[in-house]
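Listing of final28.pdb, PDB, N, CA and C atoms, pLDDT in the B column
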ATOM      1  N   ALA A   1       0.819  -1.194   0.000  1.00 54.00           N
ATOM      2  CA  ALA A   1       0.000   0.000   0.000  1.00 54.00           C
ATOM      3  C   ALA A   1       0.856   1.248   0.000  1.00 54.00           C
ATOM      4  N   GLY A   2       1.948   1.227   0.730  1.00 79.00           N
ATOM      5  CA  GLY A   2       2.840   2.379   0.737  1.00 79.00           C
ATOM      6  C   GLY A   2       2.496   3.380   1.814  1.00 79.00           C
ATOM      7  N   ILE A   3       3.046   4.541   1.654  1.00 83.00           N
ATOM      8  CA  ILE A   3       2.899   5.620   2.629  1.00 83.00           C
ATOM      9  C   ILE A   3       2.052   6.717   1.998  1.00 83.00           C
ATOM     10  N   GLU A   4       1.218   7.337   2.795  1.00 88.00           N
ATOM     11  CA  GLU A   4       0.397   8.452   2.328  1.00 88.00           C
ATOM     12  C   GLU A   4       1.299   9.504   1.680  1.00 88.00           C
ATOM     13  N   SER A   5       0.855  10.092   0.588  1.00 90.00           N
ATOM     14  CA  SER A   5       1.706  10.998  -0.191  1.00 90.00           C
ATOM     15  C   SER A   5       2.197  12.206   0.604  1.00 90.00           C
ATOM     16  N   THR A   6       1.367  12.754   1.466  1.00 92.00           N
ATOM     17  CA  THR A   6       1.783  13.896   2.280  1.00 92.00           C
ATOM     18  C   THR A   6       2.919  13.509   3.214  1.00 92.00           C
ATOM     19  N   ILE A   7       2.784  12.357   3.839  1.00 90.00           N
ATOM     20  CA  ILE A   7       3.817  11.875   4.756  1.00 90.00           C
ATOM     21  C   ILE A   7       5.091  11.546   3.981  1.00 90.00           C
ATOM     22  N   ALA A   8       4.946  10.928   2.819  1.00 90.00           N
ATOM     23  CA  ALA A   8       6.108  10.593   1.994  1.00 90.00           C
ATOM     24  C   ALA A   8       6.872  11.853   1.598  1.00 90.00           C
ATOM     25  N   ARG A   9       6.150  12.888   1.225  1.00 94.00           N
ATOM     26  CA  ARG A   9       6.804  14.144   0.845  1.00 94.00           C
ATOM     27  C   ARG A   9       7.531  14.765   2.028  1.00 94.00           C
ATOM     28  N   GLN A  10       6.889  14.770   3.197  1.00 94.00           N
ATOM     29  CA  GLN A  10       7.528  15.322   4.391  1.00 94.00           C
ATOM     30  C   GLN A  10       8.794  14.548   4.740  1.00 94.00           C
ATOM     31  N   ARG A  11       8.731  13.247   4.640  1.00 94.00           N
ATOM     32  CA  ARG A  11       9.908  12.421   4.937  1.00 94.00           C
ATOM     33  C   ARG A  11      11.021  12.677   3.932  1.00 94.00           C
ATOM     34  N   ALA A  12      10.664  12.858   2.679  1.00 94.00           N
ATOM     35  CA  ALA A  12      11.670  13.159   1.655  1.00 94.00           C
ATOM     36  C   ALA A  12      12.328  14.510   1.924  1.00 94.00           C
ATOM     37  N   GLU A  13      11.518  15.503   2.278  1.00 97.00           N
ATOM     38  CA  GLU A  13      12.062  16.820   2.611  1.00 97.00           C
ATOM     39  C   GLU A  13      12.986  16.723   3.820  1.00 97.00           C
ATOM     40  N   ASP A  14      12.555  15.991   4.838  1.00 96.00           N
ATOM     41  CA  ASP A  14      13.381  15.811   6.035  1.00 96.00           C
ATOM     42  C   ASP A  14      14.699  15.122   5.697  1.00 96.00           C
ATOM     43  N   ALA A  15      14.646  14.156   4.789  1.00 96.00           N
ATOM     44  CA  ALA A  15      15.864  13.443   4.389  1.00 96.00           C
ATOM     45  C   ALA A  15      16.851  14.398   3.723  1.00 96.00           C
ATOM     46  N   VAL A  16      16.358  15.249   2.842  1.00 97.00           N
ATOM     47  CA  VAL A  16      17.232  16.219   2.177  1.00 97.00           C
ATOM     48  C   VAL A  16      17.827  17.182   3.199  1.00 97.00           C
ATOM     49  N   ILE A  17      17.011  17.644   4.129  1.00 97.00           N
ATOM     50  CA  ILE A  17      17.491  18.550   5.176  1.00 97.00           C
ATOM     51  C   ILE A  17      18.579  17.876   6.004  1.00 97.00           C
ATOM     52  N   GLN A  18      18.353  16.626   6.388  1.00 97.00           N
ATOM     53  CA  GLN A  18      19.336  15.905   7.190  1.00 97.00           C
ATOM     54  C   GLN A  18      20.634  15.687   6.419  1.00 97.00           C
ATOM     55  N   ILE A  19      20.523  15.302   5.166  1.00 97.00           N
ATOM     56  CA  ILE A  19      21.718  15.063   4.356  1.00 97.00           C
ATOM     57  C   ILE A  19      22.504  16.357   4.165  1.00 97.00           C
ATOM     58  N   GLN A  20      21.816  17.422   3.792  1.00 98.00           N
ATOM     59  CA  GLN A  20      22.498  18.700   3.581  1.00 98.00           C
ATOM     60  C   GLN A  20      23.124  19.216   4.874  1.00 98.00           C
ATOM     61  N   GLY A  21      22.396  19.084   5.974  1.00 97.00           N
ATOM     62  CA  GLY A  21      22.934  19.508   7.265  1.00 97.00           C
ATOM     63  C   GLY A  21      24.160  18.712   7.657  1.00 97.00           C
ATOM     64  N   ALA A  22      24.114  17.416   7.412  1.00 97.00           N
ATOM     65  CA  ALA A  22      25.263  16.563   7.725  1.00 97.00           C
ATOM     66  C   ALA A  22      26.466  16.950   6.873  1.00 97.00           C
ATOM     67  N   LEU A  23      26.236  17.283   5.608  1.00 97.00           N
ATOM     68  CA  LEU A  23      27.343  17.695   4.744  1.00 97.00           C
ATOM     69  C   LEU A  23      27.989  18.987   5.241  1.00 97.00           C
ATOM     70  N   VAL A  24      27.176  19.929   5.690  1.00 98.00           N
ATOM     71  CA  VAL A  24      27.708  21.174   6.252  1.00 98.00           C
ATOM     72  C   VAL A  24      28.520  20.869   7.508  1.00 98.00           C
ATOM     73  N   LEU A  25      27.975  20.016   8.357  1.00 97.00           N
ATOM     74  CA  LEU A  25      28.651  19.652   9.599  1.00 97.00           C
ATOM     75  C   LEU A  25      29.969  18.930   9.326  1.00 97.00           C
ATOM     76  N   VAL A  26      29.963  18.018   8.366  1.00 97.00           N
ATOM     77  CA  VAL A  26      31.184  17.293   7.992  1.00 97.00           C
ATOM     78  C   VAL A  26      32.274  18.276   7.581  1.00 97.00           C
ATOM     79  N   ARG A  27      31.878  19.239   6.794  1.00 97.00           N
ATOM     80  CA  ARG A  27      32.852  20.240   6.328  1.00 97.00           C
ATOM     81  C   ARG A  27      33.406  21.054   7.494  1.00 97.00           C
ATOM     82  N   GLY A  28      32.533  21.472   8.410  1.00 97.00           N
ATOM     83  CA  GLY A  28      32.966  22.280   9.549  1.00 97.00           C
ATOM     84  C   GLY A  28      33.810  21.509  10.551  1.00 97.00           C
ATOM     85  N   LEU A  29      33.465  20.245  10.768  1.00 97.00           N
ATOM     86  CA  LEU A  29      34.176  19.429  11.756  1.00 97.00           C
ATOM     87  C   LEU A  29      35.341  18.652  11.157  1.00 97.00           C
ATOM     88  N   ASP A  30      35.391  18.590   9.837  1.00 97.00           N
ATOM     89  CA  ASP A  30      36.369  17.755   9.137  1.00 97.00           C
ATOM     90  C   ASP A  30      36.289  16.317   9.637  1.00 97.00           C
ATOM     91  N   ASP A  31      35.048  15.839   9.739  1.00 97.00           N
ATOM     92  CA  ASP A  31      34.776  14.486  10.245  1.00 97.00           C
ATOM     93  C   ASP A  31      33.559  13.952   9.496  1.00 97.00           C
ATOM     94  N   ILE A  32      33.696  12.819   8.854  1.00 98.00           N
ATOM     95  CA  ILE A  32      32.621  12.269   8.022  1.00 98.00           C
ATOM     96  C   ILE A  32      31.580  11.480   8.828  1.00 98.00           C
ATOM     97  N   ALA A  33      31.817  11.272  10.115  1.00 97.00           N
ATOM     98  CA  ALA A  33      30.919  10.458  10.945  1.00 97.00           C
ATOM     99  C   ALA A  33      29.457  10.931  10.917  1.00 97.00           C
ATOM    100  N   PRO A  34      29.171  12.235  11.020  1.00 95.00           N
ATOM    101  CA  PRO A  34      27.758  12.651  10.981  1.00 95.00           C
ATOM    102  C   PRO A  34      27.054  12.251   9.682  1.00 95.00           C
ATOM    103  N   PHE A  35      27.749  12.345   8.568  1.00 97.00           N
ATOM    104  CA  PHE A  35      27.162  11.975   7.278  1.00 97.00           C
ATOM    105  C   PHE A  35      26.902  10.474   7.216  1.00 97.00           C
ATOM    106  N   LYS A  36      27.853   9.686   7.683  1.00 98.00           N
ATOM    107  CA  LYS A  36      27.672   8.234   7.702  1.00 98.00           C
ATOM    108  C   LYS A  36      26.492   7.840   8.585  1.00 98.00           C
ATOM    109  N   ARG A  37      26.336   8.531   9.713  1.00 96.00           N
ATOM    110  CA  ARG A  37      25.230   8.239  10.626  1.00 96.00           C
ATOM    111  C   ARG A  37      23.886   8.536   9.964  1.00 96.00           C
ATOM    112  N   ILE A  38      23.798   9.661   9.284  1.00 97.00           N
ATOM    113  CA  ILE A  38      22.558  10.020   8.583  1.00 97.00           C
ATOM    114  C   ILE A  38      22.237   8.981   7.513  1.00 97.00           C
ATOM    115  N   LEU A  39      23.228   8.584   6.741  1.00 97.00           N
ATOM    116  CA  LEU A  39      22.995   7.586   5.692  1.00 97.00           C
ATOM    117  C   LEU A  39      22.563   6.248   6.275  1.00 97.00           C
ATOM    118  N   ALA A  40      23.156   5.869   7.402  1.00 97.00           N
ATOM    119  CA  ALA A  40      22.803   4.591   8.026  1.00 97.00           C
ATOM    120  C   ALA A  40      21.363   4.590   8.525  1.00 97.00           C
ATOM    121  N   ASN A  41      20.890   5.739   9.008  1.00 94.00           N
ATOM    122  CA  ASN A  41      19.540   5.838   9.565  1.00 94.00           C
ATOM    123  C   ASN A  41      18.477   6.183   8.526  1.00 94.00           C
ATOM    124  N   LEU A  42      18.895   6.575   7.348  1.00 94.00           N
ATOM    125  CA  LEU A  42      17.960   7.048   6.326  1.00 94.00           C
ATOM    126  C   LEU A  42      16.874   6.036   5.953  1.00 94.00           C
ATOM    127  N   PRO A  43      17.209   4.785   5.669  1.00 91.00           N
ATOM    128  CA  PRO A  43      16.142   3.838   5.307  1.00 91.00           C
ATOM    129  C   PRO A  43      15.085   3.684   6.404  1.00 91.00           C
ATOM    130  N   GLU A  44      15.528   3.595   7.639  1.00 91.00           N
ATOM    131  CA  GLU A  44      14.579   3.458   8.750  1.00 91.00           C
ATOM    132  C   GLU A  44      13.695   4.695   8.866  1.00 91.00           C
ATOM    133  N   ASN A  45      14.298   5.870   8.737  1.00 87.00           N
ATOM    134  CA  ASN A  45      13.534   7.112   8.857  1.00 87.00           C
ATOM    135  C   ASN A  45      12.527   7.281   7.722  1.00 87.00           C
ATOM    136  N   LEU A  46      12.900   6.875   6.528  1.00 87.00           N
ATOM    137  CA  LEU A  46      11.998   7.034   5.383  1.00 87.00           C
ATOM    138  C   LEU A  46      10.872   6.010   5.374  1.00 87.00           C
ATOM    139  N   LEU A  47      11.150   4.822   5.884  1.00 85.00           N
ATOM    140  CA  LEU A  47      10.203   3.720   5.730  1.00 85.00           C
ATOM    141  C   LEU A  47       9.473   3.324   7.003  1.00 85.00           C
ATOM    142  N   GLU A  48       9.688   4.054   8.095  1.00 82.00           N
ATOM    143  CA  GLU A  48       9.033   3.670   9.346  1.00 82.00           C
ATOM    144  C   GLU A  48       7.514   3.701   9.196  1.00 82.00           C
ATOM    145  N   ASP A  49       6.855   2.809   9.931  1.00 76.00           N
ATOM    146  CA  ASP A  49       5.397   2.683   9.834  1.00 76.00           C
ATOM    147  C   ASP A  49       4.652   3.790  10.556  1.00 76.00           C
ATOM    148  N   LYS A  50       5.180   4.237  11.674  1.00 60.00           N
ATOM    149  CA  LYS A  50       4.448   5.234  12.459  1.00 60.00           C
ATOM    150  C   LYS A  50       4.526   6.609  11.808  1.00 60.00           C
ATOM    151  N   ILE A  51       3.544   7.420  12.096  1.00 54.00           N
ATOM    152  CA  ILE A  51       3.487   8.779  11.576  1.00 54.00           C
ATOM    153  C   ILE A  51       4.190   9.685  12.565  1.00 54.00           C
ATOM    154  N   VAL A  52       5.178  10.428  12.074  1.00 52.00           N
ATOM    155  CA  VAL A  52       5.912  11.365  12.910  1.00 52.00           C
ATOM    156  C   VAL A  52       5.440  12.755  12.552  1.00 52.00           C
ATOM    157  N   SER A  53       5.037  13.519  13.571  1.00 52.00           N
ATOM    158  CA  SER A  53       4.580  14.879  13.273  1.00 52.00           C
ATOM    159  C   SER A  53       5.396  15.893  14.009  1.00 52.00           C
TER     160      SER A  53
END
Please re-express this file's structure in C-alpha cells.
Amino acid sequence: AGIESTIARQRAEDAVIQIQGALVLVRGLDDIAPFKRILANLPENLLEDKIVS
C-alpha cells in the first residue's frame, strides 16, 4: 500500500534537510561520521510505519 503521499513528501524533505545539514557539519568538523550516521539511519527514517509529526 505504501505511505500516504503527504507523509512521503515530508519524509523526503526531512531526508534532504538531514543530508544537507550533515554535509555542512562534515565540512565544519572535518569528520565524516555525521554523514555516515545520517545515511545509516535514512532507510529506517523514510520507511518507518508510524506517523511522525
Could you give me, as an MDAnalysis selection string, each residue of chain A that DSSP assigns to alpha helix (DSSP H) when run on this structure's backbone? chainID A and resid 5:29 33:47
Could you tell me which residues the PyMOL selection byres ((chain A and resi 9-25) around 8) grabs in this file, written as a list in words?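 After applying the PyMOL selection byres ((chain A and resi 9-25) around 8), what remains is Ile3, Glu4, Ser5, Thr6, Ile7, Ala8, Val26, Arg27, Gly28, Leu29, Asp30, Asp31, Ile32, Ala33, Pro34, Phe35, Lys36, Ile38, Leu39, Leu42, Asn45, Leu46 and Leu47 of chain A.
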Can you work out the spacing between CA of Arg37 (chain A) and atom C of Gly2 (chain A) in Å, to one decimal? 24.9 Å
